[in-house]
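Visitor: Pasting input_39.pdb below, which is PDB, C-alpha atoms and all ligand atoms.
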```pdb
ATOM      1  CA  MET A   1      -3.547 -41.087 -19.125
ATOM      2  CA  ARG A   2      -6.666 -38.909 -18.981
ATOM      3  CA  ASP A   3      -7.628 -40.676 -15.728
ATOM      4  CA  LEU A   4      -4.226 -39.964 -14.280
ATOM      5  CA  ILE A   5      -4.509 -36.289 -15.125
ATOM      6  CA  LEU A   6      -8.061 -36.101 -13.801
ATOM      7  CA  ASN A   7      -6.845 -37.226 -10.404
ATOM      8  CA  GLY A   8      -5.439 -33.815  -9.633
ATOM      9  CA  VAL A   9      -3.922 -30.612 -10.829
ATOM     10  CA  GLY A  10      -0.280 -31.360 -11.047
ATOM     11  CA  ARG A  11       1.923 -31.435  -8.018
ATOM     12  CA  GLU A  12       0.697 -29.301  -5.142
ATOM     13  CA  ASP A  13       4.293 -28.349  -4.423
ATOM     14  CA  SER A  14       5.293 -27.547  -7.992
ATOM     15  CA  ARG A  15       6.200 -23.953  -8.694
ATOM     16  CA  VAL A  16       6.307 -24.349 -12.473
ATOM     17  CA  ILE A  17       3.727 -22.857 -14.822
ATOM     18  CA  PHE A  18       4.105 -24.408 -18.268
ATOM     19  CA  PRO A  19       3.001 -22.206 -21.209
ATOM     20  CA  PHE A  20       1.146 -23.847 -24.073
ATOM     21  CA  ASP A  21       2.961 -21.786 -26.722
ATOM     22  CA  VAL A  22       1.527 -24.027 -29.449
ATOM     23  CA  HIS A  23      -1.163 -23.710 -32.109
ATOM     24  CA  SER A  24      -3.289 -26.834 -31.722
ATOM     25  CA  LEU A  25      -5.140 -28.801 -29.075
ATOM     26  CA  GLU A  26      -3.277 -31.961 -30.170
ATOM     27  CA  GLU A  27      -0.037 -30.342 -29.028
ATOM     28  CA  VAL A  28      -1.727 -29.195 -25.810
ATOM     29  CA  GLU A  29      -2.758 -32.769 -25.108
ATOM     30  CA  LYS A  30       0.747 -34.060 -25.842
ATOM     31  CA  PHE A  31       2.389 -31.682 -23.352
ATOM     32  CA  ALA A  32      -0.448 -32.004 -20.810
ATOM     33  CA  GLN A  33       0.004 -35.778 -20.726
ATOM     34  CA  LEU A  34       3.725 -35.413 -20.149
ATOM     35  CA  LEU A  35       3.597 -32.587 -17.631
ATOM     36  CA  ALA A  36       0.225 -32.439 -15.827
ATOM     37  CA  LEU A  37       1.452 -34.270 -12.759
ATOM     38  CA  LYS A  38       4.666 -32.294 -12.580
ATOM     39  CA  THR A  39       3.508 -28.668 -12.946
ATOM     40  CA  ALA A  40       1.425 -26.225 -10.859
ATOM     41  CA  CYS A  41      -0.733 -25.069 -13.756
ATOM     42  CA  PHE A  42      -0.765 -24.378 -17.481
ATOM     43  CA  LYS A  43      -0.589 -21.021 -19.196
ATOM     44  CA  ILE A  44      -2.739 -20.285 -22.221
ATOM     45  CA  GLY A  45      -1.539 -17.246 -24.116
ATOM     46  CA  LYS A  46      -2.102 -15.287 -27.279
ATOM     47  CA  GLN A  47      -0.946 -17.914 -29.803
ATOM     48  CA  LEU A  48      -3.249 -20.735 -28.696
ATOM     49  CA  SER A  49      -6.149 -18.341 -27.986
ATOM     50  CA  THR A  50      -5.863 -16.867 -31.470
ATOM     51  CA  ALA A  51      -5.472 -20.266 -33.121
ATOM     52  CA  VAL A  52      -8.262 -22.235 -31.432
ATOM     53  CA  GLY A  53     -10.141 -19.706 -29.268
ATOM     54  CA  ALA A  54      -9.564 -19.023 -25.575
ATOM     55  CA  PRO A  55     -12.802 -20.639 -24.263
ATOM     56  CA  GLN A  56     -12.148 -23.800 -26.292
ATOM     57  CA  ALA A  57      -8.551 -24.003 -25.092
ATOM     58  CA  VAL A  58      -9.498 -23.373 -21.462
ATOM     59  CA  LYS A  59     -12.282 -25.987 -21.552
ATOM     60  CA  PHE A  60      -9.932 -28.502 -23.179
ATOM     61  CA  VAL A  61      -7.328 -28.068 -20.428
ATOM     62  CA  HIS A  62     -10.007 -28.183 -17.711
ATOM     63  CA  ASN A  63     -11.300 -31.455 -19.196
ATOM     64  CA  LEU A  64      -7.777 -32.852 -18.907
ATOM     65  CA  GLY A  65      -7.836 -31.893 -15.226
ATOM     66  CA  GLY A  66      -5.448 -28.955 -15.521
ATOM     67  CA  GLU A  67      -5.866 -25.444 -14.156
ATOM     68  CA  VAL A  68      -5.294 -22.388 -16.299
ATOM     69  CA  PHE A  69      -3.444 -19.103 -16.105
ATOM     70  CA  LEU A  70      -5.035 -17.086 -18.948
ATOM     71  CA  ASP A  71      -2.153 -14.928 -20.185
ATOM     72  CA  LEU A  72      -3.808 -12.455 -22.541
ATOM     73  CA  LYS A  73      -2.175  -9.395 -20.923
ATOM     74  CA  PHE A  74      -5.253  -7.172 -21.199
ATOM     75  CA  ASN A  75      -4.494  -3.484 -21.814
ATOM     76  CA  ASP A  76      -7.356  -1.284 -23.021
ATOM     77  CA  ILE A  77      -9.882   1.243 -21.745
ATOM     78  CA  PRO A  78     -11.065   0.354 -18.200
ATOM     79  CA  GLU A  79     -14.562  -0.724 -19.271
ATOM     80  CA  THR A  80     -13.211  -3.146 -21.897
ATOM     81  CA  VAL A  81     -10.638  -4.715 -19.579
ATOM     82  CA  ALA A  82     -13.162  -5.015 -16.727
ATOM     83  CA  LYS A  83     -15.610  -6.819 -19.047
ATOM     84  CA  ALA A  84     -12.863  -9.096 -20.407
ATOM     85  CA  GLY A  85     -11.876  -9.880 -16.807
ATOM     86  CA  ILE A  86     -15.450 -10.898 -15.976
ATOM     87  CA  GLU A  87     -15.474 -13.194 -19.036
ATOM     88  CA  ALA A  88     -12.162 -14.750 -17.938
ATOM     89  CA  ALA A  89     -13.610 -15.348 -14.480
ATOM     90  CA  HIS A  90     -16.684 -17.032 -16.008
ATOM     91  CA  LEU A  91     -14.332 -19.412 -17.844
ATOM     92  CA  GLY A  92     -13.139 -20.599 -14.436
ATOM     93  CA  VAL A  93      -9.469 -19.821 -14.913
ATOM     94  CA  ARG A  94      -7.260 -19.766 -11.843
ATOM     95  CA  MET A  95      -5.441 -16.573 -12.883
ATOM     96  CA  PHE A  96      -5.513 -13.978 -15.643
ATOM     97  CA  ASN A  97      -3.410 -10.915 -16.265
ATOM     98  CA  VAL A  98      -3.482  -7.294 -17.357
ATOM     99  CA  HIS A  99      -0.689  -4.844 -18.168
ATOM    100  CA  ALA A 100       0.134  -2.592 -15.204
ATOM    101  CA  LEU A 101       0.927  -0.001 -17.874
ATOM    102  CA  GLY A 102      -2.860   0.199 -18.396
ATOM    103  CA  GLY A 103      -2.885   2.291 -15.216
ATOM    104  CA  SER A 104      -4.592   2.289 -11.831
ATOM    105  CA  VAL A 105      -8.099   3.197 -13.084
ATOM    106  CA  MET A 106      -8.109   0.247 -15.501
ATOM    107  CA  MET A 107      -6.818  -2.137 -12.812
ATOM    108  CA  SER A 108      -9.017  -0.994  -9.918
ATOM    109  CA  GLU A 109     -12.168  -0.880 -12.051
ATOM    110  CA  THR A 110     -11.497  -4.485 -13.105
ATOM    111  CA  MET A 111     -11.098  -5.548  -9.475
ATOM    112  CA  GLU A 112     -14.242  -3.693  -8.356
ATOM    113  CA  ARG A 113     -16.323  -5.351 -11.074
ATOM    114  CA  LEU A 114     -14.939  -8.794 -10.257
ATOM    115  CA  ASP A 115     -15.563  -8.302  -6.544
ATOM    116  CA  LYS A 116     -19.193  -7.338  -7.250
ATOM    117  CA  GLU A 117     -19.855 -10.566  -9.190
ATOM    118  CA  PHE A 118     -17.625 -13.104  -7.428
ATOM    119  CA  SER A 119     -16.630 -13.917  -3.872
ATOM    120  CA  SER A 120     -12.920 -13.419  -3.180
ATOM    121  CA  SER A 121     -12.373 -17.190  -3.015
ATOM    122  CA  SER A 122     -14.182 -17.950  -6.284
ATOM    123  CA  ARG A 123     -12.708 -15.236  -8.486
ATOM    124  CA  PRO A 124      -9.422 -15.779 -10.343
ATOM    125  CA  LYS A 125      -6.226 -14.190  -9.083
ATOM    126  CA  VAL A 126      -5.519 -11.073 -11.108
ATOM    127  CA  ILE A 127      -1.899 -10.471 -11.970
ATOM    128  CA  ALA A 128      -0.254  -7.404 -13.525
ATOM    129  CA  VAL A 129       2.563  -7.575 -16.045
ATOM    130  CA  THR A 130       5.277  -5.106 -15.009
ATOM    131  CA  VAL A 131       8.197  -4.969 -17.482
ATOM    132  CA  LEU A 132       8.396  -7.822 -20.001
ATOM    133  CA  THR A 133      11.481  -9.985 -19.574
ATOM    134  CA  SER A 134      12.344  -9.620 -23.263
ATOM    135  CA  TYR A 135      12.674  -5.834 -22.854
ATOM    136  CA  THR A 136      16.055  -4.156 -22.679
ATOM    137  CA  TYR A 137      16.772  -0.594 -21.625
ATOM    138  CA  GLU A 138      16.797   0.359 -25.317
ATOM    139  CA  THR A 139      13.300  -1.141 -25.887
ATOM    140  CA  LEU A 140      11.948   0.914 -22.981
ATOM    141  CA  ALA A 141      13.814   4.083 -24.015
ATOM    142  CA  GLU A 142      12.487   4.002 -27.575
ATOM    143  CA  VAL A 143       8.900   4.115 -26.281
ATOM    144  CA  GLY A 144       9.728   6.735 -23.630
ATOM    145  CA  LEU A 145       9.286   4.543 -20.542
ATOM    146  CA  VAL A 146      12.787   5.253 -19.193
ATOM    147  CA  PRO A 147      14.730   8.521 -19.551
ATOM    148  CA  PRO A 148      17.601   8.729 -22.057
ATOM    149  CA  LEU A 149      21.014   8.632 -20.347
ATOM    150  CA  MET A 150      22.706  11.988 -20.989
ATOM    151  CA  ILE A 151      26.099  11.380 -19.384
ATOM    152  CA  THR A 152      28.699  10.776 -22.087
ATOM    153  CA  ASP A 153      31.887  10.074 -20.084
ATOM    154  CA  TRP A 154      30.600   6.910 -18.318
ATOM    155  CA  ASP A 155      32.298   3.600 -18.993
ATOM    156  CA  ASP A 156      30.261   0.546 -20.073
ATOM    157  CA  GLU A 157      29.844  -0.708 -16.509
ATOM    158  CA  GLU A 158      28.450   2.622 -15.293
ATOM    159  CA  VAL A 159      26.024   2.786 -18.211
ATOM    160  CA  LYS A 160      24.818  -0.803 -17.627
ATOM    161  CA  CYS A 161      24.391  -0.182 -13.903
ATOM    162  CA  SER A 162      22.401   2.970 -14.428
ATOM    163  CA  GLN A 163      20.209   1.287 -17.073
ATOM    164  CA  LYS A 164      19.523  -1.562 -14.653
ATOM    165  CA  ILE A 165      18.457   0.910 -11.952
ATOM    166  CA  GLU A 166      16.006   2.606 -14.337
ATOM    167  CA  ILE A 167      14.419  -0.740 -15.298
ATOM    168  CA  GLU A 168      14.164  -1.735 -11.621
ATOM    169  CA  ARG A 169      12.610   1.611 -10.726
ATOM    170  CA  LEU A 170       9.949   1.143 -13.430
ATOM    171  CA  ALA A 171       9.214  -2.488 -12.460
ATOM    172  CA  VAL A 172       8.824  -1.643  -8.744
ATOM    173  CA  LYS A 173       6.692   1.412  -9.522
ATOM    174  CA  LEU A 174       4.329  -0.713 -11.661
ATOM    175  CA  ALA A 175       4.174  -3.469  -9.030
ATOM    176  CA  VAL A 176       3.285  -0.989  -6.272
ATOM    177  CA  LEU A 177       0.650   0.587  -8.538
ATOM    178  CA  ALA A 178      -0.857  -2.868  -9.183
ATOM    179  CA  GLN A 179      -0.920  -3.652  -5.466
ATOM    180  CA  LYS A 180      -2.550  -0.315  -4.615
ATOM    181  CA  SER A 181      -5.151  -1.042  -7.324
ATOM    182  CA  GLY A 182      -6.123  -4.261  -5.518
ATOM    183  CA  LEU A 183      -4.392  -6.843  -7.731
ATOM    184  CA  ASP A 184      -3.110 -10.106  -6.310
ATOM    185  CA  GLY A 185       0.372 -10.093  -7.796
ATOM    186  CA  VAL A 186       2.653  -9.377 -10.712
ATOM    187  CA  VAL A 187       4.595 -10.969 -13.509
ATOM    188  CA  ALA A 188       8.170  -9.685 -13.315
ATOM    189  CA  SER A 189      11.707 -10.597 -14.257
ATOM    190  CA  PRO A 190      13.530 -12.585 -11.592
ATOM    191  CA  GLN A 191      16.067  -9.779 -11.652
ATOM    192  CA  GLU A 192      13.507  -7.360 -10.192
ATOM    193  CA  THR A 193      11.830  -9.883  -7.872
ATOM    194  CA  ALA A 194      13.793  -9.126  -4.692
ATOM    195  CA  LEU A 195      13.019  -5.399  -4.911
ATOM    196  CA  ILE A 196       9.340  -6.043  -5.652
ATOM    197  CA  ARG A 197       9.133  -8.493  -2.743
ATOM    198  CA  GLU A 198      10.643  -5.843  -0.461
ATOM    199  CA  ALA A 199       8.237  -3.153  -1.691
ATOM    200  CA  CYS A 200       5.043  -5.259  -1.804
ATOM    201  CA  GLY A 201       5.475  -7.738   1.073
ATOM    202  CA  LYS A 202       5.335 -11.488   1.409
ATOM    203  CA  ASP A 203       1.682 -12.073   0.446
ATOM    204  CA  PHE A 204       1.905 -10.443  -2.971
ATOM    205  CA  LEU A 205       2.229 -13.108  -5.697
ATOM    206  CA  ILE A 206       5.303 -12.841  -7.910
ATOM    207  CA  ILE A 207       5.402 -14.915 -11.092
ATOM    208  CA  THR A 208       8.644 -14.874 -13.040
ATOM    209  CA  PRO A 209       9.203 -15.804 -16.666
ATOM    210  CA  GLY A 210      12.705 -15.360 -18.087
ATOM    211  CA  VAL A 211      13.892 -18.422 -16.175
ATOM    212  CA  ARG A 212      16.688 -20.435 -17.692
ATOM    213  CA  PRO A 213      18.144 -23.595 -16.128
ATOM    214  CA  ALA A 214      21.882 -24.080 -16.697
ATOM    215  CA  PHE A 215      21.159 -26.644 -19.454
ATOM    216  CA  ALA A 216      18.972 -24.317 -21.604
ATOM    217  CA  ALA A 217      19.459 -21.543 -24.178
ATOM    218  CA  ALA A 218      18.374 -17.955 -23.397
ATOM    219  CA  ASN A 219      16.310 -17.584 -26.661
ATOM    220  CA  ASP A 220      14.763 -14.072 -26.816
ATOM    221  CA  GLN A 221      14.690 -13.607 -23.036
ATOM    222  CA  LYS A 222      17.138 -10.942 -21.863
ATOM    223  CA  ARG A 223      16.827 -10.434 -18.095
ATOM    224  CA  ILE A 224      17.101 -14.058 -16.973
ATOM    225  CA  MET A 225      17.991 -16.199 -13.925
ATOM    226  CA  THR A 226      18.188 -19.908 -13.055
ATOM    227  CA  PRO A 227      15.153 -21.555 -11.350
ATOM    228  CA  ALA A 228      17.043 -21.866  -8.048
ATOM    229  CA  ASP A 229      18.063 -18.216  -8.052
ATOM    230  CA  ALA A 230      14.537 -17.057  -9.009
ATOM    231  CA  VAL A 231      13.161 -18.920  -5.969
ATOM    232  CA  ARG A 232      15.959 -17.583  -3.751
ATOM    233  CA  VAL A 233      15.080 -13.984  -4.626
ATOM    234  CA  GLY A 234      11.431 -14.629  -3.719
ATOM    235  CA  ALA A 235       9.479 -15.830  -6.777
ATOM    236  CA  ASP A 236       6.289 -17.812  -6.023
ATOM    237  CA  TYR A 237       5.798 -19.359  -9.479
ATOM    238  CA  LEU A 238       8.092 -19.666 -12.485
ATOM    239  CA  VAL A 239       6.865 -19.660 -16.088
ATOM    240  CA  ILE A 240       9.192 -22.015 -17.949
ATOM    241  CA  GLY A 241       8.477 -22.906 -21.560
ATOM    242  CA  ARG A 242      11.154 -23.619 -24.127
ATOM    243  CA  PRO A 243      13.697 -25.101 -21.697
ATOM    244  CA  ILE A 244      11.058 -27.827 -21.167
ATOM    245  CA  SER A 245       9.297 -28.072 -24.546
ATOM    246  CA  ALA A 246      12.556 -28.020 -26.527
ATOM    247  CA  ALA A 247      14.673 -30.027 -24.076
ATOM    248  CA  SER A 248      17.213 -32.294 -25.751
ATOM    249  CA  GLU A 249      17.109 -36.080 -25.610
ATOM    250  CA  GLU A 250      20.413 -35.870 -23.728
ATOM    251  CA  ILE A 251      18.598 -34.651 -20.614
ATOM    252  CA  GLY A 252      15.545 -36.828 -21.228
ATOM    253  CA  GLY A 253      13.327 -34.460 -23.251
ATOM    254  CA  PRO A 254      10.498 -32.465 -21.600
ATOM    255  CA  VAL A 255      10.026 -34.953 -18.747
ATOM    256  CA  GLY A 256      13.750 -35.039 -17.953
ATOM    257  CA  ALA A 257      13.839 -31.233 -18.024
ATOM    258  CA  ILE A 258      10.847 -30.710 -15.704
ATOM    259  CA  ASP A 259      12.236 -33.290 -13.281
ATOM    260  CA  LEU A 260      15.589 -31.489 -13.155
ATOM    261  CA  ILE A 261      13.860 -28.118 -12.742
ATOM    262  CA  ASN A 262      11.492 -29.341  -9.979
ATOM    263  CA  GLU A 263      14.450 -30.830  -8.144
ATOM    264  CA  GLU A 264      16.425 -27.590  -8.417
ATOM    265  CA  ILE A 265      13.414 -25.591  -7.166
ATOM    266  CA  SER A 266      12.715 -27.957  -4.226
ATOM    267  CA  GLN A 267      16.315 -27.672  -3.126
ATOM    268  CA  ALA A 268      16.195 -23.861  -3.284
ATOM    269  CA  MET A 269      12.800 -23.757  -1.477
ATOM    270  CA  SER A 270      14.160 -25.865   1.384
ATOM    271  CA  GLU A 271      17.055 -23.448   1.758
ATOM    272  CA  ARG A 272      14.596 -20.511   1.754
ATOM    273  CA  SER A 273      12.383 -21.790   4.589
TER
HETATM  274  O1  LIG B   1      10.478 -20.022 -21.030
HETATM  275  P1  LIG B   1      10.018 -19.334 -22.277
HETATM  276  O2  LIG B   1      10.880 -18.132 -22.643
HETATM  277  O3  LIG B   1       9.768 -20.233 -23.431
HETATM  278  O4  LIG B   1       8.576 -18.733 -21.852
HETATM  279  C1  LIG B   1       7.937 -17.895 -22.698
HETATM  280  C2  LIG B   1       6.557 -17.645 -22.161
HETATM  281  O5  LIG B   1       6.581 -16.699 -21.075
HETATM  282  C3  LIG B   1       5.664 -17.065 -23.239
HETATM  283  O6  LIG B   1       4.392 -17.691 -23.106
HETATM  284  C4  LIG B   1       5.588 -15.601 -22.896
HETATM  285  O7  LIG B   1       4.361 -15.007 -23.278
HETATM  286  C5  LIG B   1       5.707 -15.624 -21.375
HETATM  287  N1  LIG B   1       6.114 -14.351 -20.772
HETATM  288  C6  LIG B   1       7.361 -13.817 -20.901
HETATM  289  N2  LIG B   1       7.694 -12.628 -20.311
HETATM  290  C7  LIG B   1       6.796 -11.971 -19.599
HETATM  291  C8  LIG B   1       5.518 -12.495 -19.449
HETATM  292  C9  LIG B   1       5.211 -13.714 -20.050
HETATM  293  O8  LIG B   1       8.218 -14.394 -21.557
HETATM  294  N3  LIG B   1       7.145 -10.873 -18.960
END
```
Can you turn what I pasted into structure tokens?
Ligand code: C5P
Guide:
Amino acid sequence: MRDLILNGVGREDSRVIFPFDVHSLEEVEKFAQLLALKTACFKIGKQLSTAVGAPQAVKFVHNLGGEVFLDLKFNDIPETVAKAGIEAAHLGVRMFNVHALGGSVMMSETMERLDKEFSSSSRPKVIAVTVLTSYTYETLAEVGLVPPLMITDWDDEEVKCSQKIEIERLAVKLAVLAQKSGLDGVVASPQETALIREACGKDFLIITPGVRPAFAAANDQKRIMTPADAVRVGADYLVIGRPISAASEEIGGPVGAIDLINEEISQAMSERS
């Protein structure tokens, strides 16, 4: 199996990034063996990095022939994030991310430092998180990121619509800020993808979590869309975890799920081009 994986990094045409939301390298190996040839790359996030160490996890996946999106969502003073970015680049990851909420100085300083040490083709893509897909209007309001709605005579529909507009406004604002700061793309909800694509153009990478195929449960994700719809609105890559890792035997487990998802995405991509 290792030989198979070493032959290449998943399917060139796959748009799926599978997150290793697990706590051991044994589980990483299990999912890598099932999915390496069917996914674009693997995401290593906070759980695995905290459990086994980011460099160890990245090296392990590289040794299996996989490429890595290091999802540590850096957000700190500019100097600290820039230095962490350089370390991520030295690990040889294909992408890493920062929070756009860290601001333009933090983002542009990170890019300047990376560009000093690496050529544009050898450095990782740097992606900004806009508004997490688990956030609701209430989550954003309680930390002051959207204004409270003062109008009391609106019906439920009017309230929902106006809340949606505020979230979209914030997501697009953060995406434009990231682009102006020199970043390569953003992580955003599929529900804000069309607006971000319009504001940032076709070459700006958009990665969307919060994707739920018809056969899967929503879990804690709130602002979700199916894989086909996420591609239709302009997403480049889709982060899909639990619908694959927890797929029922009825649909063939993780392999059955990724096959169904890849098929759905291919169909939607052919309609897009
Ligand atoms: O598909 P599932 O909900 O299981 O995917 C969850 C993964 O997506 C987690 O690794 C989480 O960190 C990541 N993620 C997210 N929302 C974001 C950014 C990343 O759910 N905005």
Visitor: Can you tell me how far CA of Ala246 in chain A sits from CA of Thr130 in chain A, in Å to one decimal?
Guide: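 Computing the Euclidean distance for CA of Ala246 in chain A and CA of Thr130 in chain A yields 26.7 Å.
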Visitor: If we count only C-alpha atoms, what is near Asp76 in chain A at a cut-off of 7 Å, once residues fewer than 4 positions away on the same chain are taken out, given as a PyMOL selection string?
Guide: chain A and resi 80-81+102
Visitor: Ranking A:Glu117, A:Glu192, A:Glu87, A:Glu198 by minimum distance to ligand LIG 1 (chain B) and counting all atoms listed in the file, which one comes first?
Guide: A:Glu192
Visitor: I need the residue nearest Ala230 in chain A from this list: A:Ser14, A:Ser181, A:Ser108, A:Thr208. Use all atoms listed in the file for the distance.
Guide: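 Of A:Ser14, A:Ser181, A:Ser108, A:Thr208, the one nearest Ala230 in chain A, counting all atoms listed in the file, is A:Thr208.
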Visitor: Choose the residue, out of A:Ala199, A:Ile167, A:Ala228, A:Ile261, that has the smallest atom-to-atom separation from Phe215 in chain A; count only C-alpha atoms.
Guide: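 Closest candidate: A:Ile261.
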Visitor: Could I get the residue neighbourhood of ligand LIG 1 (chain B) at 10 Å, counting all atoms listed in the file, as a PyMOL selection string?
Guide: chain A and resi 17-22+43-48+71-73+97+99+128-135+186-190+207-213+216-224+238-246
Visitor: Can you spit out the residues from that selection as a compact mmCIF listing (two decimals), in the frame of the given file, using C-alpha atoms?
Guide:
```txt
# COMPACT_ATOMS: atom_id res chain seq x y z
CA ILE A 17 3.73 -22.86 -14.82
CA PHE A 18 4.11 -24.41 -18.27
CA PRO A 19 3.00 -22.21 -21.21
CA PHE A 20 1.15 -23.85 -24.07
CA ASP A 21 2.96 -21.79 -26.72
CA VAL A 22 1.53 -24.03 -29.45
CA LYS A 43 -0.59 -21.02 -19.20
CA ILE A 44 -2.74 -20.28 -22.22
CA GLY A 45 -1.54 -17.25 -24.12
CA LYS A 46 -2.10 -15.29 -27.28
CA GLN A 47 -0.95 -17.91 -29.80
CA LEU A 48 -3.25 -20.74 -28.70
CA ASP A 71 -2.15 -14.93 -20.18
CA LEU A 72 -3.81 -12.46 -22.54
CA LYS A 73 -2.17 -9.40 -20.92
CA ASN A 97 -3.41 -10.92 -16.26
CA HIS A 99 -0.69 -4.84 -18.17
CA ALA A 128 -0.25 -7.40 -13.52
CA VAL A 129 2.56 -7.58 -16.05
CA THR A 130 5.28 -5.11 -15.01
CA VAL A 131 8.20 -4.97 -17.48
CA LEU A 132 8.40 -7.82 -20.00
CA THR A 133 11.48 -9.98 -19.57
CA SER A 134 12.34 -9.62 -23.26
CA TYR A 135 12.67 -5.83 -22.85
CA VAL A 186 2.65 -9.38 -10.71
CA VAL A 187 4.60 -10.97 -13.51
CA ALA A 188 8.17 -9.68 -13.32
CA SER A 189 11.71 -10.60 -14.26
CA PRO A 190 13.53 -12.58 -11.59
CA ILE A 207 5.40 -14.92 -11.09
CA THR A 208 8.64 -14.87 -13.04
CA PRO A 209 9.20 -15.80 -16.67
CA GLY A 210 12.70 -15.36 -18.09
CA VAL A 211 13.89 -18.42 -16.18
CA ARG A 212 16.69 -20.43 -17.69
CA PRO A 213 18.14 -23.60 -16.13
CA ALA A 216 18.97 -24.32 -21.60
CA ALA A 217 19.46 -21.54 -24.18
CA ALA A 218 18.37 -17.95 -23.40
CA ASN A 219 16.31 -17.58 -26.66
CA ASP A 220 14.76 -14.07 -26.82
CA GLN A 221 14.69 -13.61 -23.04
CA LYS A 222 17.14 -10.94 -21.86
CA ARG A 223 16.83 -10.43 -18.10
CA ILE A 224 17.10 -14.06 -16.97
CA LEU A 238 8.09 -19.67 -12.48
CA VAL A 239 6.86 -19.66 -16.09
CA ILE A 240 9.19 -22.02 -17.95
CA GLY A 241 8.48 -22.91 -21.56
CA ARG A 242 11.15 -23.62 -24.13
CA PRO A 243 13.70 -25.10 -21.70
CA ILE A 244 11.06 -27.83 -21.17
CA SER A 245 9.30 -28.07 -24.55
CA ALA A 246 12.56 -28.02 -26.53
```
Visitor: Please write as a list of chain:residue names the full residue list that the PyMOL selection byres (((chain A and resi 31) around 10) and not hetatm) yields on this file.
Guide: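 That selection, the PyMOL selection byres (((chain A and resi 31) around 10) and not hetatm), comes back as A:Phe18, A:Pro19, A:Phe20, A:Val22, A:Leu25, A:Glu26, A:Glu27, A:Val28, A:Glu29, A:Lys30, A:Ala32, A:Gln33, A:Leu34, A:Leu35, A:Ala36, A:Phe42, A:Ile244, A:Ser245, A:Pro254, A:Val255.
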Visitor: Determine the nearest neighbour of Lys83 in chain A from the options A:Arg113, A:Arg232, A:Arg197, A:Lys160, counting only C-alpha atoms.
Guide: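 Distance minimum relative to Lys83 in chain A lands on A:Arg113.
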Visitor: Find the residue from A:Leu37, A:Thr110, A:Ala88, A:Asp229 that sits nearest to Leu64 in chain A; use only C-alpha atoms when measuring.
Guide: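 Using only C-alpha atoms, Leu64 in chain A sits closest to A:Leu37.
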Visitor: Decode the PyMOL selection byres (((chain A and resi 202) around 12) and not hetatm) for the given file into explicit residues and return them as a list in words.
Guide: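 Output of the PyMOL selection byres (((chain A and resi 202) around 12) and not hetatm): Asp184, Gly185, Thr193, Ala194, Leu195, Ile196, Arg197, Glu198, Ala199, Cys200, Gly201, Asp203, Phe204, Leu205, Ile206, Val233, Gly234, Ala235 and Asp236 of chain A.
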Visitor: Considering only C-alpha atoms, return as number ranges by chain whatever protein or nucleic-acid residues lie within 8 Å of Val68 in chain A, sequence-local ones (same chain, fewer than 6 positions apart) excluded.
Guide: A: 41-44, 58, 61-62, 93-95
Visitor: Enter the distance from CA of Leu70 in chain A to CA of Arg169 in chain A, in Å, rounded to one decimal.
Guide: 27.0 Å
Visitor: Start from the incomplete input, build N, CA and C atoms for range 179-189 of chain A, and deliver everything as a JSON list (two decimals), in the coordinates of the input.
Guide:
```json
[["chain", "number", "residue", "atom", "x", "y", "z"],
["A", 179, "GLN", "N", -0.50, -3.28, -6.82],
["A", 179, "GLN", "CA", -0.92, -3.65, -5.47],
["A", 179, "GLN", "C", -1.92, -2.64, -4.91],
["A", 180, "LYS", "N", -1.63, -1.36, -5.11],
["A", 180, "LYS", "CA", -2.55, -0.32, -4.62],
["A", 180, "LYS", "C", -3.89, -0.38, -5.33],
["A", 181, "SER", "N", -3.91, -0.93, -6.55],
["A", 181, "SER", "CA", -5.15, -1.04, -7.32],
["A", 181, "SER", "C", -5.92, -2.31, -6.97],
["A", 182, "GLY", "N", -5.40, -3.09, -6.02],
["A", 182, "GLY", "CA", -6.12, -4.26, -5.52],
["A", 182, "GLY", "C", -5.78, -5.58, -6.19],
["A", 183, "LEU", "N", -4.75, -5.59, -7.05],
["A", 183, "LEU", "CA", -4.39, -6.84, -7.73],
["A", 183, "LEU", "C", -3.69, -7.81, -6.78],
["A", 184, "ASP", "N", -3.66, -9.07, -7.19],
["A", 184, "ASP", "CA", -3.11, -10.11, -6.31],
["A", 184, "ASP", "C", -1.62, -10.31, -6.48],
["A", 185, "GLY", "N", -1.05, -9.86, -7.59],
["A", 185, "GLY", "CA", 0.37, -10.09, -7.80],
["A", 185, "GLY", "C", 0.83, -9.56, -9.12],
["A", 186, "VAL", "N", 2.07, -9.87, -9.46],
["A", 186, "VAL", "CA", 2.65, -9.38, -10.71],
["A", 186, "VAL", "C", 3.43, -10.47, -11.43],
["A", 187, "VAL", "N", 3.62, -10.22, -12.73],
["A", 187, "VAL", "CA", 4.60, -10.97, -13.51],
["A", 187, "VAL", "C", 5.80, -10.04, -13.62],
["A", 188, "ALA", "N", 6.97, -10.53, -13.26],
["A", 188, "ALA", "CA", 8.17, -9.68, -13.32],
["A", 188, "ALA", "C", 9.39, -10.54, -13.60],
["A", 189, "SER", "N", 10.44, -9.88, -14.07],
["A", 189, "SER", "CA", 11.71, -10.60, -14.26],
["A", 189, "SER", "C", 12.26, -11.03, -12.90]]
```
